[in-house]
$ cat protein38.txt   # compact mmCIF, C-alpha atoms and all ligand atoms
# COMPACT_ATOMS: atom_id res chain seq x y z
CA MET E 261 -4.97 8.22 -43.84
CA THR E 262 -3.28 7.35 -40.53
CA SER E 263 0.52 7.62 -40.54
CA ARG E 264 2.78 4.66 -39.74
CA ALA E 265 4.09 6.63 -36.75
CA ALA E 266 0.60 6.61 -35.22
CA HIS E 267 0.85 2.81 -35.04
CA ARG E 268 4.47 2.52 -34.00
CA PRO E 269 4.67 0.97 -30.53
CA VAL E 270 6.33 3.11 -27.87
CA GLY E 271 9.66 1.66 -26.72
CA THR E 272 12.55 -0.40 -28.05
CA VAL E 273 13.01 -4.09 -28.83
CA THR E 274 15.44 -5.57 -26.30
CA ARG E 275 16.81 -9.02 -25.44
CA GLY E 276 14.00 -11.54 -25.09
CA THR E 277 15.48 -13.71 -22.32
CA THR E 278 12.81 -15.53 -20.32
CA ASN E 279 12.36 -18.84 -18.53
CA PRO E 280 9.46 -21.03 -17.41
CA ASN E 281 8.44 -20.32 -13.82
CA ARG E 282 10.85 -17.41 -13.60
CA LEU E 283 8.20 -14.98 -12.35
CA ARG E 284 6.43 -17.28 -9.86
CA ARG E 285 7.27 -15.06 -6.86
CA MET E 286 5.87 -11.99 -8.54
CA ASP E 287 2.78 -13.87 -9.80
CA ARG E 288 2.01 -15.18 -6.31
CA TRP E 289 2.44 -11.76 -4.75
CA ILE E 290 0.16 -10.19 -7.37
CA ALA E 291 -2.47 -12.88 -6.72
CA ALA E 292 -2.30 -12.17 -2.97
CA ALA E 293 -2.10 -8.38 -3.15
CA HIS E 294 -4.47 -7.75 -6.05
CA GLY E 295 -6.68 -10.86 -6.16
CA ALA E 296 -9.69 -9.26 -4.48
CA GLU E 297 -9.65 -6.34 -6.94
CA LEU E 298 -9.41 -8.73 -9.90
CA ARG E 299 -12.18 -10.93 -8.51
CA ARG E 300 -14.56 -7.97 -8.09
CA ALA E 301 -14.10 -6.61 -11.62
CA ALA E 302 -16.62 -7.39 -14.37
CA ASP E 303 -13.82 -7.95 -16.92
CA PRO E 304 -10.47 -8.28 -15.13
CA VAL E 305 -7.80 -7.75 -17.78
CA ALA E 306 -4.11 -8.16 -16.91
CA VAL E 307 -1.25 -7.25 -19.25
CA ASP E 308 2.06 -9.10 -19.32
CA LEU E 309 4.12 -6.36 -20.96
CA GLY E 310 7.34 -7.48 -22.65
CA TYR E 311 6.84 -11.24 -22.17
CA GLY E 312 9.93 -11.96 -24.27
CA ALA E 313 11.03 -14.64 -26.73
CA ALA E 314 8.52 -17.24 -25.46
CA PRO E 315 5.05 -16.86 -23.98
CA TRP E 316 5.61 -18.76 -20.71
CA THR E 317 5.29 -15.87 -18.26
CA ALA E 318 1.93 -14.85 -19.74
CA VAL E 319 0.62 -18.43 -19.67
CA GLU E 320 1.67 -18.78 -16.03
CA LEU E 321 0.29 -15.38 -15.02
CA LEU E 322 -3.11 -16.46 -16.33
CA GLN E 323 -2.95 -19.76 -14.43
CA ARG E 324 -2.00 -18.06 -11.16
CA LEU E 325 -4.50 -15.21 -11.46
CA ARG E 326 -7.30 -17.64 -12.19
CA THR E 327 -6.75 -19.32 -8.84
CA VAL E 328 -7.96 -16.07 -7.21
CA ALA E 329 -10.04 -14.50 -10.01
CA PRO E 330 -11.60 -17.17 -12.25
CA HIS E 331 -12.63 -14.65 -14.94
CA ALA E 332 -9.23 -13.01 -15.27
CA ARG E 333 -7.87 -12.55 -18.78
CA VAL E 334 -4.24 -11.97 -19.74
CA VAL E 335 -3.01 -10.09 -22.78
CA GLY E 336 0.69 -10.47 -23.55
CA ILE E 337 2.01 -7.33 -25.24
CA GLU E 338 5.41 -7.44 -26.95
CA ILE E 339 7.17 -4.81 -29.02
CA ASP E 340 8.92 -7.39 -31.23
CA PRO E 341 6.41 -8.56 -33.88
CA ALA E 342 8.28 -11.85 -34.43
CA ARG E 343 7.77 -12.71 -30.73
CA VAL E 344 4.07 -11.92 -31.06
CA ALA E 345 3.76 -14.24 -34.08
CA ALA E 346 5.63 -16.98 -32.17
CA ALA E 347 3.28 -16.64 -29.18
CA GLN E 348 -0.04 -16.51 -31.02
CA PRO E 349 -0.35 -20.32 -31.46
CA TYR E 350 -0.55 -20.45 -27.64
CA GLU E 351 -3.65 -18.25 -27.49
CA ARG E 352 -6.61 -19.82 -25.75
CA ASP E 353 -9.57 -18.90 -23.63
CA GLY E 354 -8.47 -15.89 -21.58
CA LEU E 355 -5.05 -15.54 -23.22
CA ALA E 356 -4.17 -13.32 -26.19
CA PHE E 357 -0.99 -11.79 -27.60
CA ARG E 358 -0.73 -8.34 -29.20
CA HIS E 359 1.98 -6.26 -30.81
CA GLY E 360 2.59 -3.04 -28.90
CA GLY E 361 4.58 -1.08 -26.38
CA PHE E 362 4.19 1.33 -23.48
CA GLU E 363 1.08 2.83 -25.10
CA ILE E 364 -0.75 -0.46 -24.16
CA PRO E 365 -2.82 -0.89 -27.32
CA LEU E 366 -6.04 -2.20 -25.77
CA PRO E 367 -9.53 -0.73 -26.15
CA GLY E 368 -10.06 -0.53 -22.37
CA ARG E 369 -7.96 -0.03 -19.27
CA PRO E 370 -6.32 -3.08 -17.69
CA LEU E 371 -6.59 -3.76 -13.96
CA LEU E 372 -3.01 -4.99 -13.92
CA ILE E 373 0.11 -4.25 -15.94
CA ARG E 374 3.09 -6.44 -15.11
CA ALA E 375 6.43 -5.48 -16.67
CA ALA E 376 9.19 -7.84 -15.55
CA ASN E 377 12.77 -7.48 -16.75
CA VAL E 378 11.72 -4.87 -19.30
CA LEU E 379 12.88 -1.50 -17.92
CA ARG E 380 16.27 -2.82 -16.83
CA GLN E 381 17.32 -2.49 -20.46
CA TYR E 382 16.30 1.18 -20.64
CA ASP E 383 18.13 4.20 -19.21
CA GLU E 384 17.34 5.34 -15.68
CA PRO E 385 16.05 8.82 -16.73
CA GLU E 386 13.40 7.10 -18.89
CA VAL E 387 11.80 5.24 -15.99
CA ALA E 388 9.68 8.04 -14.50
CA GLY E 389 8.09 8.85 -17.87
CA VAL E 390 7.36 5.18 -18.60
CA TRP E 391 5.81 4.72 -15.15
CA GLN E 392 3.61 7.76 -15.72
CA ARG E 393 2.50 6.53 -19.11
CA LEU E 394 1.70 3.04 -17.82
CA CYS E 395 -0.05 4.30 -14.66
CA ALA E 396 -2.23 6.54 -16.85
CA ARG E 397 -3.42 3.43 -18.71
CA LEU E 398 -4.55 1.61 -15.54
CA ALA E 399 -8.21 1.16 -14.66
CA PRO E 400 -9.32 2.76 -11.38
CA GLY E 401 -8.05 0.44 -8.65
CA GLY E 402 -5.43 -0.91 -11.06
CA LEU E 403 -1.86 -1.91 -10.30
CA LEU E 404 1.43 -1.65 -12.21
CA VAL E 405 4.11 -4.08 -11.07
CA GLU E 406 7.54 -3.35 -12.50
CA GLY E 407 10.71 -5.15 -11.49
CA THR E 408 13.63 -7.42 -12.13
CA CYS E 409 14.80 -10.93 -11.25
CA ASP E 410 17.61 -13.36 -11.99
CA GLU E 411 17.34 -15.89 -14.81
CA ILE E 412 15.58 -18.54 -12.71
CA GLY E 413 13.60 -16.28 -10.40
CA ARG E 414 15.42 -16.89 -7.12
CA ARG E 415 15.95 -13.18 -6.46
CA HIS E 416 13.40 -10.59 -7.31
CA VAL E 417 12.71 -6.92 -6.53
CA TRP E 418 9.71 -5.00 -7.83
CA VAL E 419 7.90 -1.71 -7.41
CA ALA E 420 4.09 -1.65 -7.22
CA LEU E 421 2.34 1.49 -8.47
CA GLY E 422 -1.27 2.60 -8.45
CA PRO E 423 -2.82 5.08 -10.90
CA GLU E 424 -1.44 7.85 -8.63
CA GLY E 425 2.18 6.59 -8.71
CA PRO E 426 4.61 4.37 -6.77
CA ARG E 427 3.43 2.72 -3.55
CA THR E 428 5.74 -0.05 -2.41
CA VAL E 429 8.94 -1.99 -3.10
CA THR E 430 8.96 -5.76 -2.57
CA PHE E 431 12.05 -7.91 -2.07
CA ALA E 432 11.48 -11.64 -2.66
CA THR E 433 13.96 -14.47 -2.56
CA ARG E 434 14.49 -18.19 -2.28
CA LEU E 435 15.84 -18.14 1.25
CA GLY E 436 18.04 -21.21 0.88
CA SER E 437 20.10 -19.40 -1.75
CA LEU E 438 20.73 -16.25 0.27
CA ASP E 439 24.03 -15.29 1.94
CA ARG E 440 22.74 -11.90 3.06
CA PRO E 441 19.79 -9.66 2.09
CA SER E 442 22.00 -7.28 0.11
CA ASP E 443 22.51 -10.14 -2.38
CA LEU E 444 19.23 -8.80 -3.76
CA ALA E 445 20.89 -5.49 -4.71
CA GLU E 446 21.88 -6.83 -8.10
CA ARG E 447 18.17 -7.31 -8.93
CA LEU E 448 16.96 -3.86 -7.93
CA PRO E 449 14.65 -2.32 -10.55
CA LYS E 450 16.06 0.36 -12.82
CA ALA E 451 14.71 3.19 -10.66
CA LEU E 452 16.82 1.99 -7.71
CA ILE E 453 19.80 0.00 -8.95
CA HIS E 454 22.04 2.99 -9.59
CA ARG E 455 21.06 4.39 -6.18
CA ASN E 456 22.59 1.63 -4.12
CA VAL E 457 25.36 3.99 -2.97
CA PRO E 458 26.06 5.66 0.38
CA GLY E 459 23.68 8.56 1.05
CA GLU E 460 20.75 6.97 -0.79
CA PRO E 461 17.86 5.39 1.16
CA VAL E 462 17.95 2.04 -0.63
CA HIS E 463 21.61 1.65 0.34
CA ALA E 464 20.81 2.42 3.99
CA PHE E 465 17.93 -0.04 3.88
CA LEU E 466 20.07 -2.91 2.57
CA ARG E 467 22.81 -2.06 5.07
CA ASP E 468 20.29 -2.22 7.95
CA PHE E 469 18.81 -5.41 6.54
CA ASP E 470 22.26 -7.05 6.47
CA ARG E 471 22.82 -5.96 10.08
CA ALA E 472 19.46 -7.35 11.17
CA TRP E 473 20.26 -10.57 9.29
CA ALA E 474 23.62 -10.85 11.09
CA ALA E 475 21.95 -10.21 14.45
CA ALA E 476 19.40 -12.93 13.65
CA ALA E 477 22.15 -15.53 13.01
CA PRO E 478 21.16 -17.63 16.07
CA TYR E 479 17.81 -18.29 14.38
CA ALA E 480 19.58 -19.94 11.43
CA SER E 481 19.59 -23.22 13.36
CA TYR E 482 15.75 -23.19 12.95
CA GLY E 483 16.17 -22.53 9.21
CA ALA E 484 16.66 -19.56 6.90
CA ARG E 485 12.92 -18.81 7.01
CA GLN E 486 13.01 -18.20 10.76
CA ARG E 487 16.11 -16.08 10.41
CA TRP E 488 14.52 -13.95 7.65
CA GLN E 489 11.35 -13.42 9.69
CA ARG E 490 13.36 -12.38 12.72
CA ALA E 491 15.50 -9.97 10.67
CA VAL E 492 12.43 -8.40 9.04
CA ARG E 493 10.74 -7.96 12.41
CA GLU E 494 13.88 -6.14 13.56
CA LEU E 495 13.73 -3.90 10.48
CA THR E 496 10.18 -2.79 11.28
CA ALA E 497 11.60 -0.66 14.12
CA ASP E 498 13.17 1.75 11.61
CA TRP E 499 11.59 1.08 8.23
CA PRO E 500 7.92 1.25 7.12
CA VAL E 501 7.39 -2.42 6.33
CA THR E 502 3.85 -2.70 4.94
CA ASP E 503 3.30 -6.47 5.08
CA GLY E 504 3.38 -9.08 7.83
CA PRO E 505 4.50 -12.58 8.81
CA VAL E 506 2.33 -14.36 6.23
CA ARG E 507 4.38 -12.77 3.45
CA TRP E 508 7.68 -12.83 5.36
CA ARG E 509 7.36 -16.61 5.58
CA GLN E 510 7.48 -16.68 1.75
CA GLY E 511 10.87 -14.94 1.79
CA GLU E 512 9.34 -11.55 1.04
CA VAL E 513 9.26 -8.12 2.56
CA THR E 514 7.45 -5.04 1.27
CA VAL E 515 8.44 -1.48 2.18
CA ALA E 516 6.71 1.85 1.46
CA TRP E 517 8.15 3.51 -1.64
CA GLU E 518 8.63 6.86 0.13
CA ALA E 519 11.23 5.26 2.39
CA LEU E 520 13.39 4.00 -0.48
CA GLU E 521 12.72 6.69 -3.07
CA PRO E 522 15.94 8.17 -4.52
CA ARG E 523 16.97 11.49 -2.97
CA SER E 524 17.14 13.41 -6.25
C1 LIG E 601 14.25 -9.70 -20.93
S1 LIG E 601 12.71 -9.92 -21.75
C2 LIG E 601 11.67 -10.27 -20.36
C3 LIG E 601 10.73 -11.41 -20.61
C4 LIG E 601 9.80 -11.72 -19.45
N1 LIG E 601 9.03 -10.57 -19.04
C5 LIG E 601 10.58 -12.25 -18.26
O1 LIG E 601 10.72 -11.55 -17.27
O2 LIG E 601 11.05 -13.39 -18.32
C6 LIG E 601 12.23 -8.23 -22.14
C7 LIG E 601 11.23 -8.15 -23.27
O3 LIG E 601 10.59 -6.86 -23.22
C8 LIG E 601 10.34 -6.44 -24.53
N2 LIG E 601 10.12 -4.99 -24.53
C9 LIG E 601 11.04 -4.03 -24.35
N3 LIG E 601 10.45 -2.81 -24.39
C10 LIG E 601 9.13 -3.02 -24.59
C11 LIG E 601 8.01 -2.17 -24.73
N4 LIG E 601 8.15 -0.84 -24.67
N5 LIG E 601 6.81 -2.72 -24.91
C12 LIG E 601 6.66 -4.07 -24.99
N6 LIG E 601 7.69 -4.93 -24.89
C13 LIG E 601 8.91 -4.42 -24.68
C14 LIG E 601 11.58 -6.87 -25.28
O4 LIG E 601 11.37 -6.93 -26.68
C15 LIG E 601 11.86 -8.24 -24.66
O5 LIG E 601 11.24 -9.26 -25.40
$ encode --input "protein38.txt" --output "structure tokens"
Amino acid sequence: MTSRAAHRPVGTVTRGTTNPNRLRRMDRWIAAAHGAELRRAADPVAVDLGYGAAPWTAVELLQRLRTVAPHARVVGIEIDPARVAAAQPYERDGLAFRHGGFEIPLPGRPLLIRAANVLRQYDEPEVAGVWQRLCARLAPGGLLVEGTCDEIGRRHVWVALGPEGPRTVTFATRLGSLDRPSDLAERLPKALIHRNVPGEPVHAFLRDFDRAWAAAAPYASYGARQRWQRAVRELTADWPVTDGPVRWRQGEVTVAWEALEPRS
């Protein structure tokens, strides 16, 4: 007989706060960055891990992925069984909800695992182990996207990881709401938020970004979008920015993980 422990999901039930459209910036980035991979796959499965008290983010992830990969499927996985029961009436073609945790209880390997606003409620030392566990569940060519945003998705920071480990950090914001780039510091993912202190790379990055933003002030008369693009272009002199103007125009910038990785 199998023990109960064998079926116990890995992780802890946490607050279920969510909101419709909260993760639109992350969804759009995933569609752009990972769409070709999802489109090529015979059975492109994406996991919305820790979708929360309502199933909206999983429903929306499916809609947005299907614009680039018409056969994509989404499985919402939640550690709180009551939230799974509440979501199941919303199941439909391509959308299912399952009880589970970081073990990702699926028969195969997903091509995408998205965990938004999940690890922020864990302790920093737990992050590396969770990343490893989730990366080990990815299909070859798969992507883990793990990050944090505010309640209505105006400010967002996430890390993208491949099966081999972390690759990039993306900062995404509604530009009209931004005083300075370091406003995004409060939404850094768990792996970085406690490292926004002098001597750590992420602190130096946000300091340089604020300086570039200040230097780009004359562009504000053309709009915050122009100012952001100018500031990011300035940043590319010293920081390994991995994307280009098409993404910058969306109020995004993506930087290689190695440049922001905590020192110890
Ligand atoms: C703050 S909500 C985030 C909801 C949604 N992802 C969003 O960003 O709006 C976090 C959810 O993650 C769930 N959770 C925490 N640890 C988990 C784990 N190990 N596996 C699956 N779900 C988990 C919690 O139960 C909670 O419902």
$ residues_near_ligand --input "protein38.txt" --ligand "ligand LIG 601 (chain E)" --cutoff "9 Å" --atoms "only C-alpha atoms and all ligand atoms" --output "ChimeraX atom specification"
/E:269-283,308-318,336-341,343,359-364,374-382,390,407-413
$ residues_around --input "protein38.txt" --residues "E:Ser524" --least-positions-apart "2" --cutoff "10 Å" --atoms "all atoms listed in the file" --output "short mmCIF file (atom, residue, chain, number, x, y, z; two decimals) with C-alpha atoms, in the coordinates of the input"
data_model
loop_
_atom_site.label_atom_id
_atom_site.label_comp_id
_atom_site.auth_asym_id
_atom_site.auth_seq_id
_atom_site.Cartn_x
_atom_site.Cartn_y
_atom_site.Cartn_z
CA ARG E 455 21.06 4.39 -6.18
CA GLU E 460 20.75 6.97 -0.79
CA GLU E 521 12.72 6.69 -3.07
CA PRO E 522 15.94 8.17 -4.52
#
$ closest_residue --input "protein38.txt" --among "E:Arg288, E:Arg397, E:Arg300, E:Arg440" --to "E:Glu320" --atoms "all atoms listed in the file"
E:Arg288
$ closest_atom_pairs --input "protein38.txt" --of "stretch 374-450 of chain E" --to "stretch 471-480 of chain E" --cutoff "10 Å" --atoms "all atoms listed in the file" --output "JSON lines"
{"residue": "E:Asp439", "atom": "CA", "partner": "E:Trp473", "partner_atom": "CA", "distance": 9.5}
{"residue": "E:Arg440", "atom": "CA", "partner": "E:Trp473", "partner_atom": "CA", "distance": 6.8}
{"residue": "E:Pro441", "atom": "CA", "partner": "E:Trp473", "partner_atom": "CA", "distance": 7.3}
{"residue": "E:Ser442", "atom": "CA", "partner": "E:Trp473", "partner_atom": "CA", "distance": 9.9}
$ closest_residue --input "protein38.txt" --among "E:His463, E:Arg509, E:His331, E:Arg358" --to "E:Val344" --atoms "all atoms listed in the file"
E:Arg358
